[in-house]
$ cat query_4.json   # JSON, C-alpha atoms
[["chain", "number", "residue", "atom", "x", "y", "z"],
["A", 1, "MET", "CA", 43.94, 10.98, -33.00],
["A", 2, "ASN", "CA", 41.07, 9.08, -31.47],
["A", 3, "ASP", "CA", 38.18, 11.51, -31.09],
["A", 4, "GLN", "CA", 35.69, 9.13, -29.48],
["A", 5, "PRO", "CA", 34.76, 9.25, -25.79],
["A", 6, "PRO", "CA", 36.10, 6.44, -23.55],
["A", 7, "LYS", "CA", 34.63, 3.07, -24.51],
["A", 8, "TRP", "CA", 33.97, 1.90, -20.95],
["A", 9, "ALA", "CA", 31.91, 4.98, -20.09],
["A", 10, "ASP", "CA", 29.95, 4.51, -23.30],
["A", 11, "TRP", "CA", 29.39, 0.86, -22.45],
["A", 12, "PHE", "CA", 28.19, 1.78, -18.96],
["A", 13, "LEU", "CA", 25.73, 4.30, -20.40],
["A", 14, "GLY", "CA", 24.39, 1.72, -22.85],
["A", 15, "TRP", "CA", 24.17, -0.84, -20.07],
["A", 16, "TYR", "CA", 21.98, 1.05, -17.60],
["A", 17, "CYS", "CA", 20.07, 3.30, -19.96],
["A", 18, "ASN", "CA", 16.55, 2.56, -21.16],
["A", 19, "PRO", "CA", 16.96, 1.59, -24.85],
["A", 20, "GLU", "CA", 14.16, 3.95, -25.82],
["A", 21, "LEU", "CA", 16.04, 6.92, -24.38],
["A", 22, "LEU", "CA", 19.57, 5.80, -25.24],
["A", 23, "GLU", "CA", 19.76, 7.39, -28.70],
["A", 24, "GLU", "CA", 18.98, 10.95, -27.64],
["A", 25, "ILE", "CA", 20.99, 10.76, -24.41],
["A", 26, "GLN", "CA", 24.06, 9.25, -26.05],
["A", 27, "GLY", "CA", 23.74, 11.65, -28.98],
["A", 28, "ASP", "CA", 23.67, 14.69, -26.72],
["A", 29, "ALA", "CA", 26.54, 13.37, -24.62],
["A", 30, "HIS", "CA", 28.65, 12.68, -27.73],
["A", 31, "GLU", "CA", 27.88, 16.10, -29.17],
["A", 32, "LEU", "CA", 28.99, 17.79, -25.95],
["A", 33, "TYR", "CA", 32.13, 15.63, -25.96],
["A", 34, "ALA", "CA", 33.01, 16.68, -29.51],
["A", 35, "GLU", "CA", 32.42, 20.32, -28.59],
["A", 36, "ARG", "CA", 34.67, 20.10, -25.53],
["A", 37, "LEU", "CA", 37.29, 18.17, -27.45],
["A", 38, "LYS", "CA", 37.65, 21.15, -29.77],
["A", 39, "GLY", "CA", 37.48, 23.75, -27.03],
["A", 40, "ARG", "CA", 39.40, 22.33, -24.08],
["A", 41, "GLY", "CA", 41.28, 19.25, -25.15],
["A", 42, "LYS", "CA", 40.95, 15.53, -24.58],
["A", 43, "PRO", "CA", 41.49, 15.09, -20.80],
["A", 44, "SER", "CA", 38.93, 17.71, -19.89],
["A", 45, "ALA", "CA", 36.46, 16.40, -22.46],
["A", 46, "THR", "CA", 36.83, 12.84, -21.17],
["A", 47, "LEU", "CA", 36.37, 13.96, -17.59],
["A", 48, "HIS", "CA", 33.21, 15.92, -18.45],
["A", 49, "TYR", "CA", 31.89, 13.02, -20.49],
["A", 50, "VAL", "CA", 32.28, 10.61, -17.58],
["A", 51, "TRP", "CA", 30.62, 13.12, -15.27],
["A", 52, "ASP", "CA", 27.70, 13.49, -17.71],
["A", 53, "VAL", "CA", 27.30, 9.71, -17.94],
["A", 54, "LEU", "CA", 27.20, 9.51, -14.15],
["A", 55, "ARG", "CA", 24.70, 12.34, -13.92],
["A", 56, "PHE", "CA", 22.45, 10.62, -16.48],
["A", 57, "CYS", "CA", 22.39, 7.56, -14.25],
["A", 58, "ARG", "CA", 19.05, 8.21, -12.55],
["A", 59, "TRP", "CA", 15.97, 6.10, -12.13],
["A", 60, "SER", "CA", 13.90, 7.83, -14.79],
["A", 61, "ASN", "CA", 16.56, 6.94, -17.37],
["A", 62, "ILE", "CA", 17.09, 3.42, -16.07],
["A", 63, "LYS", "CA", 13.54, 2.13, -15.75],
["A", 64, "ARG", "CA", 12.33, 0.30, -18.81],
["A", 65, "THR", "CA", 8.62, 1.08, -18.78],
["A", 66, "GLU", "CA", 6.85, 4.41, -19.04],
["A", 67, "ASN", "CA", 3.30, 4.23, -17.61],
["A", 68, "GLY", "CA", 3.41, 0.48, -18.25],
["A", 69, "PHE", "CA", 2.92, -2.54, -16.08],
["A", 70, "VAL", "CA", 5.05, -2.35, -12.98],
["A", 71, "PRO", "CA", 5.37, -5.71, -11.22],
["A", 72, "GLY", "CA", 6.02, -6.19, -7.53],
["A", 73, "SER", "CA", 5.12, -4.25, -4.44],
["A", 74, "VAL", "CA", 4.82, -0.87, -6.20],
["A", 75, "GLY", "CA", 2.71, -2.14, -9.10],
["A", 76, "ALA", "CA", -0.94, -1.47, -9.82],
["A", 77, "LEU", "CA", -2.03, -5.04, -9.15],
["A", 78, "TRP", "CA", -0.57, -5.07, -5.68],
["A", 79, "SER", "CA", -2.04, -1.72, -4.73],
["A", 80, "MET", "CA", -5.41, -2.87, -6.11],
["A", 81, "ASN", "CA", -5.29, -5.87, -3.76],
["A", 82, "PHE", "CA", -4.70, -3.54, -0.84],
["A", 83, "LYS", "CA", -7.51, -1.28, -1.93],
["A", 84, "MET", "CA", -9.91, -4.21, -2.23],
["A", 85, "ALA", "CA", -8.91, -5.44, 1.23],
["A", 86, "LEU", "CA", -9.54, -2.01, 2.71],
["A", 87, "ARG", "CA", -12.92, -1.67, 1.02],
["A", 88, "ASN", "CA", -14.03, -5.11, 2.16],
["A", 89, "ALA", "CA", -12.90, -4.32, 5.69],
["A", 90, "ASN", "CA", -14.88, -1.10, 5.60],
["A", 91, "LYS", "CA", -17.96, -2.91, 4.35],
["A", 92, "ASN", "CA", -17.94, -5.78, 6.88],
["A", 93, "LYS", "CA", -16.60, -4.05, 9.95],
["A", 94, "LEU", "CA", -17.70, -6.62, 12.52],
["A", 95, "ILE", "CA", -16.39, -9.61, 10.59],
["A", 96, "PHE", "CA", -13.16, -7.78, 9.90],
["A", 97, "MET", "CA", -12.81, -6.96, 13.59],
["A", 98, "VAL", "CA", -13.44, -10.56, 14.67],
["A", 99, "LYS", "CA", -11.05, -11.96, 12.11],
["A", 100, "THR", "CA", -8.33, -9.46, 12.91],
["A", 101, "SER", "CA", -8.58, -9.92, 16.66],
["A", 102, "GLY", "CA", -8.64, -13.69, 16.18],
["A", 103, "LEU", "CA", -5.49, -13.53, 14.14],
["A", 104, "ALA", "CA", -3.91, -11.19, 16.68],
["A", 105, "ILE", "CA", -4.73, -13.53, 19.57],
["A", 106, "CYS", "CA", -3.41, -16.54, 17.64],
["A", 107, "LEU", "CA", -0.19, -14.80, 16.79],
["A", 108, "ALA", "CA", 0.28, -13.52, 20.32],
["A", 109, "PHE", "CA", -0.35, -17.01, 21.74],
["A", 110, "ALA", "CA", 2.05, -18.62, 19.27],
["A", 111, "LEU", "CA", 4.74, -16.11, 20.16],
["A", 112, "LEU", "CA", 4.25, -16.56, 23.90],
["A", 113, "LEU", "CA", 4.33, -20.35, 23.49],
["A", 114, "THR", "CA", 7.51, -20.09, 21.45],
["A", 115, "ALA", "CA", 9.10, -17.90, 24.09],
["A", 116, "TYR", "CA", 8.16, -20.41, 26.83],
["A", 117, "VAL", "CA", 9.41, -23.46, 24.90],
["A", 118, "VAL", "CA", 12.66, -21.76, 23.94],
["A", 119, "ASN", "CA", 13.18, -20.80, 27.58],
["A", 120, "GLU", "CA", 12.56, -24.39, 28.73],
["A", 121, "LEU", "CA", 14.83, -25.94, 26.12],
["A", 122, "THR", "CA", 17.76, -23.61, 26.72],
["A", 123, "PHE", "CA", 17.55, -23.48, 30.52],
["A", 124, "ASP", "CA", 21.05, -23.35, 32.07],
["A", 125, "LYS", "CA", 22.56, -24.32, 28.71],
["A", 126, "PHE", "CA", 25.28, -21.68, 29.19],
["A", 127, "ASN", "CA", 26.91, -24.05, 31.71],
["A", 128, "ILE", "CA", 29.06, -26.81, 30.18],
["A", 129, "ASN", "CA", 27.76, -29.25, 32.85],
["A", 130, "HIS", "CA", 24.12, -28.37, 32.30],
["A", 131, "ASP", "CA", 23.10, -32.05, 32.05],
["A", 132, "ARG", "CA", 24.40, -32.64, 35.62],
["A", 133, "ILE", "CA", 22.62, -29.76, 37.31],
["A", 134, "TYR", "CA", 19.47, -30.47, 39.31],
["A", 135, "ARG", "CA", 17.12, -28.37, 41.29],
["A", 136, "ILE", "CA", 15.81, -29.62, 44.61],
["A", 137, "THR", "CA", 12.17, -28.96, 45.48],
["A", 138, "SER", "CA", 10.11, -29.86, 48.55],
["A", 139, "LYS", "CA", 7.09, -32.05, 48.87],
["A", 140, "VAL", "CA", 5.30, -31.33, 52.12],
["A", 141, "LYS", "CA", 2.64, -33.64, 53.50],
["A", 142, "PHE", "CA", 0.46, -32.00, 56.12],
["A", 143, "GLN", "CA", -2.82, -33.48, 57.39],
["A", 144, "ASN", "CA", -3.29, -35.73, 54.34],
["A", 145, "HIS", "CA", -2.69, -32.82, 52.05],
["A", 146, "VAL", "CA", 0.36, -32.78, 49.78],
["A", 147, "THR", "CA", 1.83, -29.45, 48.72],
["A", 148, "HIS", "CA", 4.78, -28.88, 46.38],
["A", 149, "TYR", "CA", 7.17, -26.03, 47.03],
["A", 150, "ALA", "CA", 9.94, -24.77, 44.80],
["A", 151, "ILE", "CA", 11.98, -23.91, 47.87],
["A", 152, "THR", "CA", 14.03, -26.04, 50.25],
["A", 153, "PRO", "CA", 15.57, -25.41, 53.67],
["A", 154, "LEU", "CA", 19.10, -24.05, 53.53],
["A", 155, "PRO", "CA", 20.96, -26.81, 55.45],
["A", 156, "ILE", "CA", 19.80, -29.50, 52.98],
["A", 157, "GLY", "CA", 22.58, -28.54, 50.53],
["A", 158, "GLN", "CA", 25.48, -29.35, 52.81],
["A", 159, "ALA", "CA", 23.63, -32.41, 54.15],
["A", 160, "LEU", "CA", 23.17, -33.85, 50.63],
["A", 161, "VAL", "CA", 26.84, -33.29, 49.74],
["A", 162, "ASP", "CA", 27.90, -34.98, 52.99],
["A", 163, "ASP", "CA", 25.57, -37.99, 52.73],
["A", 164, "ILE", "CA", 25.29, -38.83, 49.02],
["A", 165, "ALA", "CA", 28.52, -39.58, 47.14],
["A", 166, "GLU", "CA", 27.13, -38.74, 43.68],
["A", 167, "ILE", "CA", 26.44, -35.12, 44.63],
["A", 168, "GLU", "CA", 29.57, -33.08, 44.05],
["A", 169, "ASN", "CA", 28.54, -29.63, 45.16],
["A", 170, "TYR", "CA", 25.60, -27.36, 45.78],
["A", 171, "PHE", "CA", 24.71, -23.71, 45.41],
["A", 172, "ARG", "CA", 21.93, -21.51, 46.56],
["A", 173, "ARG", "CA", 19.69, -19.93, 44.03],
["A", 174, "SER", "CA", 17.33, -17.16, 44.89],
["A", 175, "ASN", "CA", 15.17, -14.76, 42.92],
["A", 176, "VAL", "CA", 15.53, -12.28, 45.75],
["A", 177, "LEU", "CA", 19.02, -10.91, 45.97],
["B", 1, "MET", "CA", 2.93, 8.74, -13.13],
["B", 2, "THR", "CA", 1.32, 11.18, -10.81],
["B", 3, "ILE", "CA", 1.65, 14.87, -11.49],
["B", 4, "LYS", "CA", 1.95, 17.14, -8.49],
["B", 5, "GLY", "CA", -0.29, 19.93, -9.67],
["B", 6, "ASN", "CA", 0.27, 22.03, -12.74],
["B", 7, "TYR", "CA", 2.73, 24.46, -11.19],
["B", 8, "LEU", "CA", 5.93, 25.39, -12.92],
["B", 9, "GLY", "CA", 9.19, 25.15, -11.02],
["B", 10, "GLU", "CA", 11.80, 27.83, -11.56],
["B", 11, "PHE", "CA", 14.04, 25.67, -13.73],
["B", 12, "GLU", "CA", 11.04, 24.18, -15.51],
["B", 13, "GLU", "CA", 9.92, 27.68, -16.45],
["B", 14, "LEU", "CA", 13.41, 28.47, -17.71],
["B", 15, "VAL", "CA", 13.53, 25.35, -19.89],
["B", 16, "LEU", "CA", 10.01, 25.95, -21.18],
["B", 17, "LEU", "CA", 10.93, 29.52, -22.14],
["B", 18, "SER", "CA", 14.09, 28.29, -23.85],
["B", 19, "VAL", "CA", 12.14, 25.78, -25.90],
["B", 20, "ALA", "CA", 9.65, 28.49, -26.81],
["B", 21, "SER", "CA", 12.40, 30.83, -28.00],
["B", 22, "LEU", "CA", 14.24, 28.15, -30.02],
["B", 23, "PRO", "CA", 11.64, 27.21, -32.63],
["B", 24, "ASP", "CA", 12.55, 24.00, -34.52],
["B", 25, "GLN", "CA", 15.99, 24.03, -32.90],
["B", 26, "ALA", "CA", 15.17, 22.90, -29.38],
["B", 27, "TYR", "CA", 16.93, 19.72, -28.34],
["B", 28, "GLY", "CA", 19.00, 18.81, -25.29],
["B", 29, "VAL", "CA", 22.35, 20.38, -26.17],
["B", 30, "SER", "CA", 20.96, 23.55, -27.74],
["B", 31, "ILE", "CA", 18.58, 24.19, -24.83],
["B", 32, "ARG", "CA", 21.44, 23.73, -22.37],
["B", 33, "GLN", "CA", 23.66, 26.09, -24.33],
["B", 34, "TYR", "CA", 20.87, 28.66, -24.52],
["B", 35, "ILE", "CA", 20.32, 28.59, -20.76],
["B", 36, "ILE", "CA", 24.06, 28.84, -20.08],
["B", 37, "ASP", "CA", 24.41, 31.78, -22.47],
["B", 38, "GLU", "CA", 21.39, 33.63, -21.12],
["B", 39, "THR", "CA", 21.70, 33.05, -17.40],
["B", 40, "GLY", "CA", 25.39, 32.32, -16.89],
["B", 41, "ARG", "CA", 24.57, 29.29, -14.79],
["B", 42, "ASN", "CA", 26.40, 26.01, -15.15],
["B", 43, "VAL", "CA", 23.71, 23.53, -16.14],
["B", 44, "ASN", "CA", 24.21, 19.81, -16.52],
["B", 45, "ILE", "CA", 22.74, 18.13, -19.57],
["B", 46, "SER", "CA", 21.03, 15.44, -17.50],
["B", 47, "ALA", "CA", 19.10, 18.07, -15.55],
["B", 48, "VAL", "CA", 17.82, 19.51, -18.82],
["B", 49, "HIS", "CA", 16.76, 16.06, -20.04],
["B", 50, "GLU", "CA", 14.98, 15.37, -16.77],
["B", 51, "VAL", "CA", 12.99, 18.59, -16.91],
["B", 52, "LEU", "CA", 12.15, 18.09, -20.60],
["B", 53, "LYS", "CA", 10.75, 14.66, -19.81],
["B", 54, "ARG", "CA", 8.70, 16.05, -16.94],
["B", 55, "LEU", "CA", 7.32, 18.91, -19.01],
["B", 56, "GLU", "CA", 6.37, 16.52, -21.79],
["B", 57, "ARG", "CA", 4.54, 14.35, -19.28],
["B", 58, "LYS", "CA", 2.65, 17.40, -18.04],
["B", 59, "GLY", "CA", 1.65, 18.12, -21.63],
["B", 60, "TYR", "CA", 3.47, 21.45, -22.00],
["B", 61, "LEU", "CA", 5.85, 20.09, -24.62],
["B", 62, "LYS", "CA", 5.64, 17.60, -27.40],
["B", 63, "SER", "CA", 8.59, 15.99, -29.09],
["B", 64, "LYS", "CA", 9.60, 14.21, -32.23],
["B", 65, "MET", "CA", 12.78, 12.56, -33.38],
["B", 66, "GLY", "CA", 14.73, 14.42, -36.05],
["B", 67, "GLY", "CA", 16.33, 12.83, -39.08],
["B", 68, "ALA", "CA", 19.66, 11.02, -38.89],
["B", 69, "THR", "CA", 22.65, 13.18, -39.77],
["B", 70, "GLN", "CA", 26.39, 12.67, -40.03],
["B", 71, "GLU", "CA", 27.12, 14.42, -36.74],
["B", 72, "ARG", "CA", 26.98, 12.67, -33.34],
["B", 73, "GLY", "CA", 27.60, 9.28, -34.91],
["B", 74, "GLY", "CA", 24.34, 9.19, -36.88],
["B", 75, "ARG", "CA", 22.25, 9.41, -33.71],
["B", 76, "ARG", "CA", 19.01, 11.29, -34.08],
["B", 77, "LYS", "CA", 18.03, 14.29, -31.96],
["B", 78, "ARG", "CA", 14.77, 14.65, -30.12],
["B", 79, "TYR", "CA", 13.29, 18.03, -30.94],
["B", 80, "PHE", "CA", 10.84, 19.68, -28.55],
["B", 81, "LEU", "CA", 7.92, 21.93, -29.39],
["B", 82, "LEU", "CA", 5.76, 24.11, -27.16],
["B", 83, "THR", "CA", 2.11, 23.02, -27.02],
["B", 84, "SER", "CA", -0.78, 25.43, -26.64],
["B", 85, "SER", "CA", -1.19, 24.24, -23.06],
["B", 86, "GLY", "CA", 2.47, 25.05, -22.44],
["B", 87, "ARG", "CA", 2.03, 28.52, -23.92],
["B", 88, "LYS", "CA", -0.99, 29.14, -21.72],
["B", 89, "THR", "CA", 0.90, 28.00, -18.62],
["B", 90, "LEU", "CA", 3.80, 30.32, -19.41],
["B", 91, "GLU", "CA", 1.46, 33.26, -19.91],
["B", 92, "GLU", "CA", -0.36, 32.53, -16.68],
["B", 93, "ALA", "CA", 2.90, 32.21, -14.76],
["B", 94, "MET", "CA", 4.08, 35.58, -16.06],
["B", 95, "LYS", "CA", 0.73, 37.24, -15.39],
["B", 96, "LEU", "CA", 0.67, 35.99, -11.83],
["B", 97, "LYS", "CA", 4.20, 37.18, -11.19],
["B", 98, "LEU", "CA", 3.56, 40.62, -12.70],
["B", 99, "GLN", "CA", 0.44, 40.93, -10.59],
["B", 100, "LEU", "CA", 2.44, 40.21, -7.47],
["B", 101, "TYR", "CA", 5.43, 42.36, -8.47],
["B", 102, "LYS", "CA", 3.15, 45.33, -9.05],
["B", 103, "ARG", "CA", 1.99, 45.24, -5.45],
["B", 104, "VAL", "CA", 5.51, 45.62, -4.08],
["B", 105, "PRO", "CA", 5.96, 49.27, -3.08],
["B", 106, "ASN", "CA", 8.82, 51.20, -4.73],
["B", 107, "PHE", "CA", 9.57, 48.32, -7.07],
["B", 108, "SER", "CA", 10.68, 49.29, -10.54],
["B", 109, "LEU", "CA", 9.27, 47.22, -13.36],
["B", 110, "LYS", "CA", 11.19, 49.16, -15.97],
["B", 111, "PRO", "CA", 13.79, 47.19, -17.89],
["B", 112, "ILE", "CA", 17.35, 47.84, -16.85]]
$ encode --input "query_4.json" --output "C-alpha cells"
Amino acid sequence: MNDQPPKWADWFLGWYCNPELLEEIQGDAHELYAERLKGRGKPSATLHYVWDVLRFCRWSNIKRTENGFVPGSVGALWSMNFKMALRNANKNKLIFMVKTSGLAICLAFALLLTAYVVNELTFDKFNINHDRIYRITSKVKFQNHVTHYAITPLPIGQALVDDIAEIENYFRRSNVL
Amino acid sequence: MTIKGNYLGEFEELVLLSVASLPDQAYGVSIRQYIIDETGRNVNISAVHEVLKRLERKGYLKSKMGGATQERGGRRKRYFLLTSSGRKTLEEAMKLKLQLYKRVPNFSLKPI
C-alpha cells in the first residue's frame, strides 16, 4: 500500500514554501502523516495532511528573505527616501512650503483646465444631431456701445423657424426652471 | 523584523515551557504532541512552527538541524534549545504572575 501523502499537496507545499524552511516543515508534516496513517487510516491522514499544508501557507513561510533586502514599496531603500524627504522638508520649511504650494496650485489649475476642456469638447454630445444644434445669442448696440448677451427674446424661435428654411425646429433653454 | 516588546504571549509561554522541558528532544512534532498531551488542546503544527520562529527571533530559543535519519524520508529535524535569555524571561513571567496571584484575596496557590 502506498504510504506517502498525496503528491499534489506535497508539490504545492514545495512550490510556495521558502526552500530554507521546506525541509523541517515537510519533515514534520510527513511525520504527522505517518503517525495518523497508523492511528486513523489513510483518508483521515490525507485530509489532515492537506489541512496542515494549507495552514502552513502563511507569509512567514512563503517569503524568501529573512532580514534581507526587501525591494519595492516596503523595502528599506524606499522608506529611507521618504525619511530623507521628510528631514529635508523639516530643515528648509519655507522652501518646502513654496514648492509644495506651487505644485498644488499647478495641479489644481491643470485639473480645472482639464475639466473645462472636457466640458467644451463633449457639450451636447449625448444628442445624435449634436453637430446641427446651435445656440442663438444677442448682440445689442446701444449708444455706440456693443454688448453681447447669452439670452434672446422668446418670439425669435418661432420667427426663425417660419422665415429661414434651414432651421427645422427650436427649443427654449433656461438655467432657471 | 520589528519586535513588539519582550512580552510573552500565552501560547508563546506554553511553547517556551515545552521546549524547556524537552531537552534535546524539542522539535516541531514533539513540542506539539507535548502541548496536546499536557493541555488537551488541539494545536496545529503550523501554529507551533510560527511561534518557534518568533521566539527564536526574540532570542529566547536557538536552533540547530539534527542529523539525517531514515524516518520522515531522510529529512532532518530542527531541534530547539532554550537560551539563558529565554530562561530569564520565563522566570520573570512566572514571578510576575505569582506576585499578582498572591494579591487576590481568598485565592489558593496550593496545587490541586
$ atom_distance --input "query_4.json" --atom1 "CA of Ala89 (chain A)" --atom2 "CA of Ala110 (chain A)"
24.7 Å
$ closest_residue --input "query_4.json" --among "B:Ile35, B:Ala20, B:Leu14, B:Ile45" --to "chain A" --atoms "all atoms listed in the file"
B:Ile45
$ residues_around --input "query_4.json" --residues "region 75-90 of chain B" --least-positions-apart "3" --cutoff "6 Å" --atoms "only C-alpha atoms" --output "PyMOL selection string"
(chain A and resi 23-24+27) or (chain B and resi 20+26-27+60-68+72+93)
$ atom_distance --input "query_4.json" --atom1 "CA of Arg32 (chain B)" --atom2 "CA of Leu22 (chain A)"
18.3 Å
$ atom_distance --input "query_4.json" --atom1 "CA of Trp51 (chain A)" --atom2 "CA of Leu52 (chain B)"
19.9 Å
$ residues_around --input "query_4.json" --residues "Ile133 (chain A)" --least-positions-apart "6" --cutoff "10 Å" --atoms "all atoms listed in the file" --output "list in words"
Asp124, Asn127, Ile167, Asn169 and Tyr170 of chain A
$ closest_atom_pairs --input "query_4.json" --of "chain A" --to "chain B" --cutoff "7 Å" --atoms "all atoms listed in the file" --output "tab-separated table"
residue	atom	partner	partner_atom	distance
A:Glu23	CA	B:Arg75	CA	5.9
A:Glu24	CA	B:Lys77	CA	5.5
A:Gly27	CA	B:Arg75	CA	5.4
A:Asp28	CA	B:Val29	CA	5.9
A:His30	CA	B:Arg72	CA	5.9
A:Glu31	CA	B:Arg72	CA	5.5
A:Asp52	CA	B:Ser46	CA	7.0
A:Arg55	CA	B:Ser46	CA	6.0
A:Phe56	CA	B:Ser46	CA	5.1
A:Asn67	CA	B:Met1	CA	6.4
$ write_last_selection --input "query_4.json" --atoms "C-alpha atoms" --output "PDB file, in the coordinates of the input"
ATOM      1  CA  GLU A  23      19.760   7.390 -28.700  1.00  0.00           C
ATOM      2  CA  GLU A  24      18.980  10.950 -27.640  1.00  0.00           C
ATOM      3  CA  GLY A  27      23.740  11.650 -28.980  1.00  0.00           C
ATOM      4  CA  ASP A  28      23.670  14.690 -26.720  1.00  0.00           C
ATOM      5  CA  HIS A  30      28.650  12.680 -27.730  1.00  0.00           C
ATOM      6  CA  GLU A  31      27.880  16.100 -29.170  1.00  0.00           C
ATOM      7  CA  ASP A  52      27.700  13.490 -17.710  1.00  0.00           C
ATOM      8  CA  ARG A  55      24.700  12.340 -13.920  1.00  0.00           C
ATOM      9  CA  PHE A  56      22.450  10.620 -16.480  1.00  0.00           C
ATOM     10  CA  ASN A  67       3.300   4.230 -17.610  1.00  0.00           C
TER      11      ASN A  67
END
$ closest_residue --input "query_4.json" --among "A:Ala85, A:Ala9, A:Val117, A:Ile25" --to "His48 (chain A)" --atoms "only C-alpha atoms"
A:Ala9
